[in-house]
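Remarks on the structure that follows.
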Amino acid sequence: MSQLNGRSVISVDDLSVGDIEAIFKTADDVRAHPGAYFGKAAGKIAATLFYEPSTRTRLSFEAAMQRMGGGVISTWDVSASSVAKGESLADTIRVIGSYSDVVVLRHPWEGAAKLAAEYAPVPVINAGDGKREHPTQTLCDLYTLREYHHTLKGLKVALCGDLLNGRTIHSLAFALARSGANVIFVPGDGKEIPDYVLRRLERDYHTHVQREQLGILSALFSDAPMGEEPATVDAIYVTPSEPHQLAMSSIEGTTVEFHLGSGEALSIYVTRRQKERGGYASGPERYPTLTTRSLETGRFRDISILHPLPRVDELSPEMDKDPRSLYFRQAALGVPIRMALLWHILGLEKGPPAQREPYLPKVEGMRYSLPGFDCSNETCITNQERLFAHPQFQVVKDLAYKLRCLYCDLETAATHVGNSQSHIYYSIELLDRILPPILPEHIRFFQSSDAAESAGYRRVADNWDRYHPDTGKDRRSWLESASGRSQ
Ligand code: NCD
């Protein structure tokens, strides 16, 4: 049962398993009875607001709306809008939201869609925010995979290419992990999956992450320049956790090779270099590329090949006629999927949209949002629209304490911590040793000792250790003791 009426979709996390099933069921019905949907969105308007180039996403949303008899207003050349005069996204979205019933937004800054959802009077659908997420592409990907392989559980999916900047990769990895699929990351040189994504896969999706050798997937580097040994590319394998694995530390080296057991299904998801996000040198580099030669071996007989498109040179056009190639089908399914999504968000089945509620991402554990601690990602919306976006974080801990930005997902290390009652600050490593623990409502995080001093905090005495000996190896961490309390 979908709970999507009147809601924004900013991350795949905003879609429950029930929501996704409801969207897929409606998409099945749209394909079986397309005529039944015509006219159902009459009188409704979708605004498509695209600050970055798009072909499939924008046009499939517009086609979806029009196939249901709704209207579309669109801005895709932002140099022709007030943005060119310096208007903020927060202002733009409030105005466009007052002209429409739903806004579909693509933007180059991470977290832009979350900010838009906070200010828009109507639901916002994230059509790609910088390198962060692209949840509706994930719906198309999952729907295509499910149709071909029948189930996602146990499916192996190789996510290939620019894993650092590819927003389709990030959303899909989270959704696959939640569906019980296994994911193997096959990056181009220097385009590895970011650590904050891996940590989220472990922490929030309870997966086990380990480093593997490419094994049969080294065939994707068969055209590597300079005859380099392709198997030296590091792959990372993500699998649903067994209870005994939860206690194991992740990622560190293993010599296990990726392989495909008999009867095991594999999908290869190819992506292009995201050159517009920078970081590409002109020299030779290894990049996973799919050609008929890569698939010569019989081990790839039962696979599927996906690509969110556009492709450049990482997927050979020779593959287009191959029955394993699903990417044009994947793009075509974008229309019924987006019809289904709009159908649920606009409440077309149930009548008037539900009362709008403020957009709040699901976060377990402790939130932190005090002034003075900024996200370290320059292209995060909180650093670009300082007047409107107020940084919010989730406190996370692996080896050290970090604050995960709730706009862009990146984690920023806290170097110091202070107690707002005593106005004393400590190096962050001491946080778990301070007794009694600093209460969550009294904690202040800092990015440097200078920041703590300029906020009026005094460094803890040098002989602090004498009074707080490090005896508490089994003691709960500060985060564990604080998480039970609300802030
Ligand atoms: C993707 C995007 O914009 O992130 N395209 C799409 O929406 N189908 C992938 C890409 O641009 O490489």
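Labels for the structure tokens follow display order: chains A, B, ..., residues from 1 in each chain, ligands from 1.
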If we count only C-alpha atoms and set the cut-off at 7 Å, which residues sit around range 184-192 of chain A, ignoring sequence neighbours fewer than 4 positions away in its own chain? Please answer as a PyMOL selection string. chain A and resi 157-164+235-238+285-288
Check which residues of chain A sit at most 10 Å from ligand 1 using only C-alpha atoms and all ligand atoms, and return one row each with the closest pair of atoms and their distance in Å to one decimal, ordered by chain and rising number, as CSV.
residue,atom,partner,partner_atom_place_in_ligand_line,distance
A:Glu52,CA,ligand 1,3 (O),8.3
A:Pro53,CA,ligand 1,3 (O),7.7
A:Ser54,CA,ligand 1,3 (O),6.4
A:Thr55,CA,ligand 1,8 (N),7.6
A:Arg56,CA,ligand 1,8 (N),5.7
A:Thr57,CA,ligand 1,7 (O),5.2
A:Arg58,CA,ligand 1,7 (O),8.4
A:Arg106,CA,ligand 1,3 (O),8.4
A:His107,CA,ligand 1,3 (O),9.9
A:Ala127,CA,ligand 1,7 (O),7.2
A:Gly128,CA,ligand 1,4 (O),6.0
A:Asp129,CA,ligand 1,4 (O),8.5
A:Gly130,CA,ligand 1,4 (O),8.3
A:Lys131,CA,ligand 1,4 (O),7.8
A:Arg132,CA,ligand 1,4 (O),9.3
A:Glu133,CA,ligand 1,4 (O),8.1
A:His134,CA,ligand 1,4 (O),6.4
A:Pro135,CA,ligand 1,7 (O),9.7
A:Thr136,CA,ligand 1,7 (O),8.5
A:Gln137,CA,ligand 1,7 (O),6.1
A:Thr138,CA,ligand 1,7 (O),9.5
A:Cys140,CA,ligand 1,8 (N),9.4
A:Asp141,CA,ligand 1,8 (N),10.0
A:Gly161,CA,ligand 1,12 (O),9.9
A:Asp162,CA,ligand 1,12 (O),8.9
A:Asn165,CA,ligand 1,4 (O),9.0
A:Gly166,CA,ligand 1,4 (O),6.4
A:Arg167,CA,ligand 1,4 (O),5.5
A:Thr168,CA,ligand 1,4 (O),5.5
A:Ile169,CA,ligand 1,4 (O),8.6
A:Val270,CA,ligand 1,12 (O),9.5
A:Thr271,CA,ligand 1,12 (O),6.0
A:Arg272,CA,ligand 1,12 (O),5.4
A:Arg273,CA,ligand 1,12 (O),7.2
A:Gln274,CA,ligand 1,12 (O),6.2
A:Lys275,CA,ligand 1,12 (O),9.3
A:Glu276,CA,ligand 1,11 (O),9.5
A:His307,CA,ligand 1,9 (C),8.2
A:Pro308,CA,ligand 1,8 (N),4.4
A:Leu309,CA,ligand 1,8 (N),5.0
A:Pro310,CA,ligand 1,12 (O),5.7
A:Arg311,CA,ligand 1,12 (O),7.2
A:Val312,CA,ligand 1,12 (O),9.1
A:Gln330,CA,ligand 1,8 (N),9.5
A:Ala331,CA,ligand 1,8 (N),7.4
A:Gly334,CA,ligand 1,8 (N),9.2
Every residue of range 269-380 of chain A that DSSP places in helix (DSSP H, G or I), as a ChimeraX atom specification: /A:275-277,298-300,317-321,327-332,334-345
Applying 12 Å and only C-alpha atoms, which residues near Ala482 in chain A remain after dropping the ones on its own chain fewer than 2 positions away? List them as a PyMOL selection string. chain A and resi 365-368+395-396+431-432+436-443+476-480+484-487
Those same residues - N, CA, C and O atoms - I'd like them written as a CSV table (one decimal), in the first residue's frame.
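Result went into selection_31.csv, see below:
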chain,number,residue,atom,x,y,z
A,365,GLY,N,18.9,7.5,15.3
A,365,GLY,CA,20.0,8.1,16.1
A,365,GLY,C,19.9,9.6,16.3
A,365,GLY,O,18.8,10.2,16.2
A,366,MET,N,21.1,10.2,16.5
A,366,MET,CA,21.1,11.5,17.0
A,366,MET,C,21.3,12.6,15.9
A,366,MET,O,22.1,12.4,15.1
A,367,ARG,N,20.5,13.6,15.9
A,367,ARG,CA,20.6,14.7,15.0
A,367,ARG,C,21.3,15.9,15.7
A,367,ARG,O,21.2,16.1,16.9
A,368,TYR,N,22.1,16.7,14.9
A,368,TYR,CA,22.8,17.8,15.4
A,368,TYR,C,22.6,19.0,14.5
A,368,TYR,O,22.8,18.8,13.3
A,395,VAL,N,24.7,12.3,13.9
A,395,VAL,CA,26.0,12.0,14.5
A,395,VAL,C,26.3,10.5,14.2
A,395,VAL,O,25.5,9.6,14.5
A,396,VAL,N,27.4,10.2,13.6
A,396,VAL,CA,27.8,8.8,13.3
A,396,VAL,C,29.2,8.5,13.8
A,396,VAL,O,30.0,9.4,14.0
A,431,LEU,N,35.9,11.9,23.8
A,431,LEU,CA,34.5,12.0,24.1
A,431,LEU,C,33.9,10.8,24.8
A,431,LEU,O,33.1,10.9,25.7
A,432,ASP,N,34.4,9.6,24.4
A,432,ASP,CA,33.9,8.4,25.0
A,432,ASP,C,34.3,8.1,26.4
A,432,ASP,O,33.9,7.2,27.1
A,436,PRO,N,30.7,12.2,34.0
A,436,PRO,CA,29.5,11.6,33.3
A,436,PRO,C,29.5,12.1,31.9
A,436,PRO,O,30.0,13.2,31.6
A,437,PRO,N,28.9,11.3,31.0
A,437,PRO,CA,28.9,11.7,29.6
A,437,PRO,C,28.2,13.0,29.4
A,437,PRO,O,27.3,13.4,30.1
A,438,ILE,N,28.7,13.8,28.4
A,438,ILE,CA,28.1,15.1,28.2
A,438,ILE,C,26.7,14.8,27.7
A,438,ILE,O,26.5,14.0,26.8
A,439,LEU,N,25.7,15.5,28.2
A,439,LEU,CA,24.3,15.3,27.8
A,439,LEU,C,24.2,15.8,26.3
A,439,LEU,O,24.7,16.8,26.0
A,440,PRO,N,23.3,15.0,25.6
A,440,PRO,CA,23.2,15.4,24.1
A,440,PRO,C,22.8,16.9,24.0
A,440,PRO,O,23.2,17.6,23.1
A,441,GLU,N,22.0,17.4,24.9
A,441,GLU,CA,21.5,18.8,24.8
A,441,GLU,C,22.6,19.8,25.1
A,441,GLU,O,22.5,21.0,24.8
A,442,HIS,N,23.7,19.3,25.7
A,442,HIS,CA,24.8,20.2,26.0
A,442,HIS,C,26.1,20.0,25.1
A,442,HIS,O,27.1,20.7,25.3
A,443,ILE,N,26.0,19.1,24.1
A,443,ILE,CA,27.1,18.9,23.3
A,443,ILE,C,27.3,20.0,22.2
A,443,ILE,O,26.4,20.5,21.6
A,476,ARG,N,29.9,1.8,27.2
A,476,ARG,CA,29.2,2.2,25.9
A,476,ARG,C,29.8,3.5,25.4
A,476,ARG,O,30.3,4.3,26.2
A,477,SER,N,29.8,3.7,24.1
A,477,SER,CA,30.4,4.9,23.6
A,477,SER,C,29.4,6.1,23.9
A,477,SER,O,28.2,5.8,24.3
A,478,TRP,N,29.9,7.3,23.8
A,478,TRP,CA,29.1,8.4,24.1
A,478,TRP,C,27.8,8.4,23.2
A,478,TRP,O,26.7,8.6,23.6
A,479,LEU,N,28.0,8.0,21.9
A,479,LEU,CA,26.9,8.0,21.0
A,479,LEU,C,25.8,7.0,21.4
A,479,LEU,O,24.6,7.3,21.4
A,480,GLU,N,26.3,5.8,21.9
A,480,GLU,CA,25.3,4.8,22.3
A,480,GLU,C,24.5,5.3,23.5
A,480,GLU,O,23.3,5.2,23.7
A,484,GLY,N,19.8,7.0,23.1
A,484,GLY,CA,18.5,6.7,23.7
A,484,GLY,C,17.7,8.0,24.1
A,484,GLY,O,16.5,7.9,24.2
A,485,ARG,N,18.4,9.1,24.2
A,485,ARG,CA,17.7,10.3,24.6
A,485,ARG,C,17.5,11.2,23.3
A,485,ARG,O,18.2,11.1,22.4
A,486,SER,N,16.4,12.0,23.4
A,486,SER,CA,16.2,12.8,22.2
A,486,SER,C,16.9,14.2,22.5
A,486,SER,O,17.1,14.6,23.6
A,487,GLN,N,17.2,14.8,21.3
A,487,GLN,CA,17.9,16.1,21.5
A,487,GLN,C,17.0,17.2,21.0
A,487,GLN,O,16.2,17.0,20.1
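Between CA of Tyr426 in chain A and CA of Trp464 in chain A there is a distance of 9.7 Å.
The closest residue to Gly372 in chain A, picked from A:Leu139, A:Ile193, A:Ala414, A:Leu198 and counting only C-alpha atoms, is A:Ala414.
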Would you please give, as an NGL selection string, all residues of range 147-394 of chain A that DSSP assigns to strand (DSSP E) based on the backbone? :A and (156-161 or 182-187 or 207-212 or 235-240 or 266-270 or 304-306 or 367-368 or 393-394)
Using only N, CA, C and O atoms, please write the residues we just selected to a file, as a CSV table (one decimal), in the first residue's frame.
chain,number,residue,atom,x,y,z
A,156,LYS,N,23.1,-10.7,-8.4
A,156,LYS,CA,24.3,-10.0,-8.3
A,156,LYS,C,24.3,-8.9,-9.3
A,156,LYS,O,24.0,-9.1,-10.5
A,157,VAL,N,24.6,-7.7,-8.9
A,157,VAL,CA,24.6,-6.5,-9.8
A,157,VAL,C,26.0,-5.9,-9.7
A,157,VAL,O,26.4,-5.4,-8.6
A,158,ALA,N,26.7,-5.8,-10.9
A,158,ALA,CA,28.0,-5.1,-11.0
A,158,ALA,C,27.7,-3.6,-11.3
A,158,ALA,O,27.2,-3.4,-12.4
A,159,LEU,N,28.0,-2.7,-10.4
A,159,LEU,CA,27.8,-1.3,-10.7
A,159,LEU,C,29.1,-0.8,-11.2
A,159,LEU,O,30.1,-0.8,-10.4
A,160,CYS,N,29.2,-0.3,-12.4
A,160,CYS,CA,30.5,0.0,-13.1
A,160,CYS,C,30.6,1.4,-13.5
A,160,CYS,O,29.7,2.1,-13.9
A,161,GLY,N,31.9,1.9,-13.4
A,161,GLY,CA,32.2,3.2,-14.0
A,161,GLY,C,32.5,4.3,-13.0
A,161,GLY,O,33.3,4.1,-12.1
A,182,ASN,N,23.0,-8.6,-4.2
A,182,ASN,CA,24.4,-8.4,-3.9
A,182,ASN,C,25.0,-7.4,-4.9
A,182,ASN,O,24.7,-7.5,-6.1
A,183,VAL,N,25.8,-6.5,-4.4
A,183,VAL,CA,26.3,-5.5,-5.3
A,183,VAL,C,27.8,-5.6,-5.4
A,183,VAL,O,28.5,-5.8,-4.3
A,184,ILE,N,28.4,-5.5,-6.6
A,184,ILE,CA,29.8,-5.4,-6.7
A,184,ILE,C,30.2,-4.1,-7.4
A,184,ILE,O,29.6,-3.8,-8.4
A,185,PHE,N,31.0,-3.3,-6.8
A,185,PHE,CA,31.4,-2.0,-7.3
A,185,PHE,C,32.7,-2.2,-8.2
A,185,PHE,O,33.7,-2.7,-7.7
A,186,VAL,N,32.6,-1.8,-9.5
A,186,VAL,CA,33.7,-1.9,-10.4
A,186,VAL,C,34.0,-0.5,-10.9
A,186,VAL,O,33.4,-0.1,-11.9
A,187,PRO,N,34.9,0.2,-10.3
A,187,PRO,CA,35.2,1.6,-10.6
A,187,PRO,C,36.2,1.8,-11.7
A,187,PRO,O,37.0,0.9,-12.0
A,207,THR,N,24.5,-4.3,5.6
A,207,THR,CA,25.2,-5.2,4.7
A,207,THR,C,26.6,-5.5,5.2
A,207,THR,O,27.1,-4.8,6.1
A,208,HIS,N,27.2,-6.5,4.5
A,208,HIS,CA,28.6,-6.7,4.8
A,208,HIS,C,29.4,-6.3,3.6
A,208,HIS,O,29.1,-6.6,2.5
A,209,VAL,N,30.5,-5.6,3.8
A,209,VAL,CA,31.3,-5.0,2.7
A,209,VAL,C,32.7,-5.6,2.8
A,209,VAL,O,33.3,-5.6,3.8
A,210,GLN,N,33.1,-6.1,1.6
A,210,GLN,CA,34.5,-6.6,1.6
A,210,GLN,C,35.2,-6.3,0.3
A,210,GLN,O,34.5,-6.2,-0.7
A,211,ARG,N,36.5,-6.3,0.3
A,211,ARG,CA,37.2,-6.0,-0.9
A,211,ARG,C,37.4,-7.4,-1.7
A,211,ARG,O,37.7,-8.4,-1.0
A,212,GLU,N,37.2,-7.4,-3.0
A,212,GLU,CA,37.4,-8.6,-3.7
A,212,GLU,C,38.2,-8.3,-5.0
A,212,GLU,O,38.4,-7.2,-5.4
A,235,ALA,N,37.8,-4.1,-6.5
A,235,ALA,CA,36.3,-4.2,-6.5
A,235,ALA,C,35.9,-4.3,-5.0
A,235,ALA,O,36.6,-4.8,-4.2
A,236,ILE,N,34.7,-3.8,-4.8
A,236,ILE,CA,34.1,-4.0,-3.4
A,236,ILE,C,32.8,-4.7,-3.5
A,236,ILE,O,32.0,-4.4,-4.3
A,237,TYR,N,32.7,-5.7,-2.7
A,237,TYR,CA,31.5,-6.6,-2.8
A,237,TYR,C,30.6,-6.3,-1.6
A,237,TYR,O,31.1,-6.4,-0.4
A,238,VAL,N,29.3,-6.1,-1.8
A,238,VAL,CA,28.4,-5.8,-0.7
A,238,VAL,C,27.3,-6.9,-0.7
A,238,VAL,O,26.7,-7.1,-1.7
A,239,THR,N,27.1,-7.5,0.4
A,239,THR,CA,26.2,-8.6,0.5
A,239,THR,C,25.4,-8.4,1.8
A,239,THR,O,25.8,-7.9,2.8
A,240,PRO,N,24.1,-8.9,1.8
A,240,PRO,CA,23.3,-8.8,3.0
A,240,PRO,C,24.1,-9.5,4.2
A,240,PRO,O,24.7,-10.6,4.0
A,266,LEU,N,23.3,-12.4,-13.0
A,266,LEU,CA,24.2,-11.2,-12.9
A,266,LEU,C,23.6,-10.1,-13.8
A,266,LEU,O,23.2,-10.4,-14.9
A,267,SER,N,23.7,-8.9,-13.3
A,267,SER,CA,23.4,-7.8,-14.2
A,267,SER,C,24.6,-6.8,-14.2
A,267,SER,O,25.2,-6.6,-13.1
A,268,ILE,N,24.9,-6.3,-15.3
A,268,ILE,CA,26.0,-5.4,-15.4
A,268,ILE,C,25.5,-4.0,-15.7
A,268,ILE,O,24.8,-3.8,-16.7
A,269,TYR,N,25.7,-3.1,-14.8
A,269,TYR,CA,25.1,-1.7,-14.9
A,269,TYR,C,26.3,-0.8,-15.3
A,269,TYR,O,27.1,-0.5,-14.4
A,270,VAL,N,26.3,-0.3,-16.5
A,270,VAL,CA,27.4,0.5,-17.0
A,270,VAL,C,27.0,2.0,-16.9
A,270,VAL,O,25.9,2.3,-17.1
A,304,SER,N,22.1,-9.6,-17.7
A,304,SER,CA,21.4,-8.5,-18.3
A,304,SER,C,22.4,-7.3,-18.3
A,304,SER,O,23.3,-7.2,-17.4
A,305,ILE,N,22.2,-6.4,-19.2
A,305,ILE,CA,23.1,-5.2,-19.3
A,305,ILE,C,22.2,-4.0,-19.2
A,305,ILE,O,21.2,-3.8,-20.0
A,306,LEU,N,22.5,-3.1,-18.2
A,306,LEU,CA,21.7,-1.9,-18.0
A,306,LEU,C,22.6,-0.7,-18.1
A,306,LEU,O,23.8,-0.8,-17.9
A,367,ARG,N,20.5,13.6,15.9
A,367,ARG,CA,20.6,14.7,15.0
A,367,ARG,C,21.3,15.9,15.7
A,367,ARG,O,21.2,16.1,16.9
A,368,TYR,N,22.1,16.7,14.9
A,368,TYR,CA,22.8,17.8,15.4
A,368,TYR,C,22.6,19.0,14.5
A,368,TYR,O,22.8,18.8,13.3
A,393,PHE,N,22.8,17.5,10.8
A,393,PHE,CA,23.6,16.4,10.7
A,393,PHE,C,23.1,15.2,11.5
A,393,PHE,O,22.3,15.4,12.5
A,394,GLN,N,23.5,14.0,11.1
A,394,GLN,CA,23.3,12.8,11.9
A,394,GLN,C,24.7,12.5,12.6
A,394,GLN,O,25.7,12.5,11.8
So which residues touch range 13-19 of chain A within 12 Å, counting only C-alpha atoms, skipping near sequence neighbours fewer than 3 positions away, as an MDAnalysis selection string? chainID A and resid 1:5 7:10 22:26 114 124:126 133:136 138:139 142 170:180 200:201 204:205 340:341 344:345 359:363
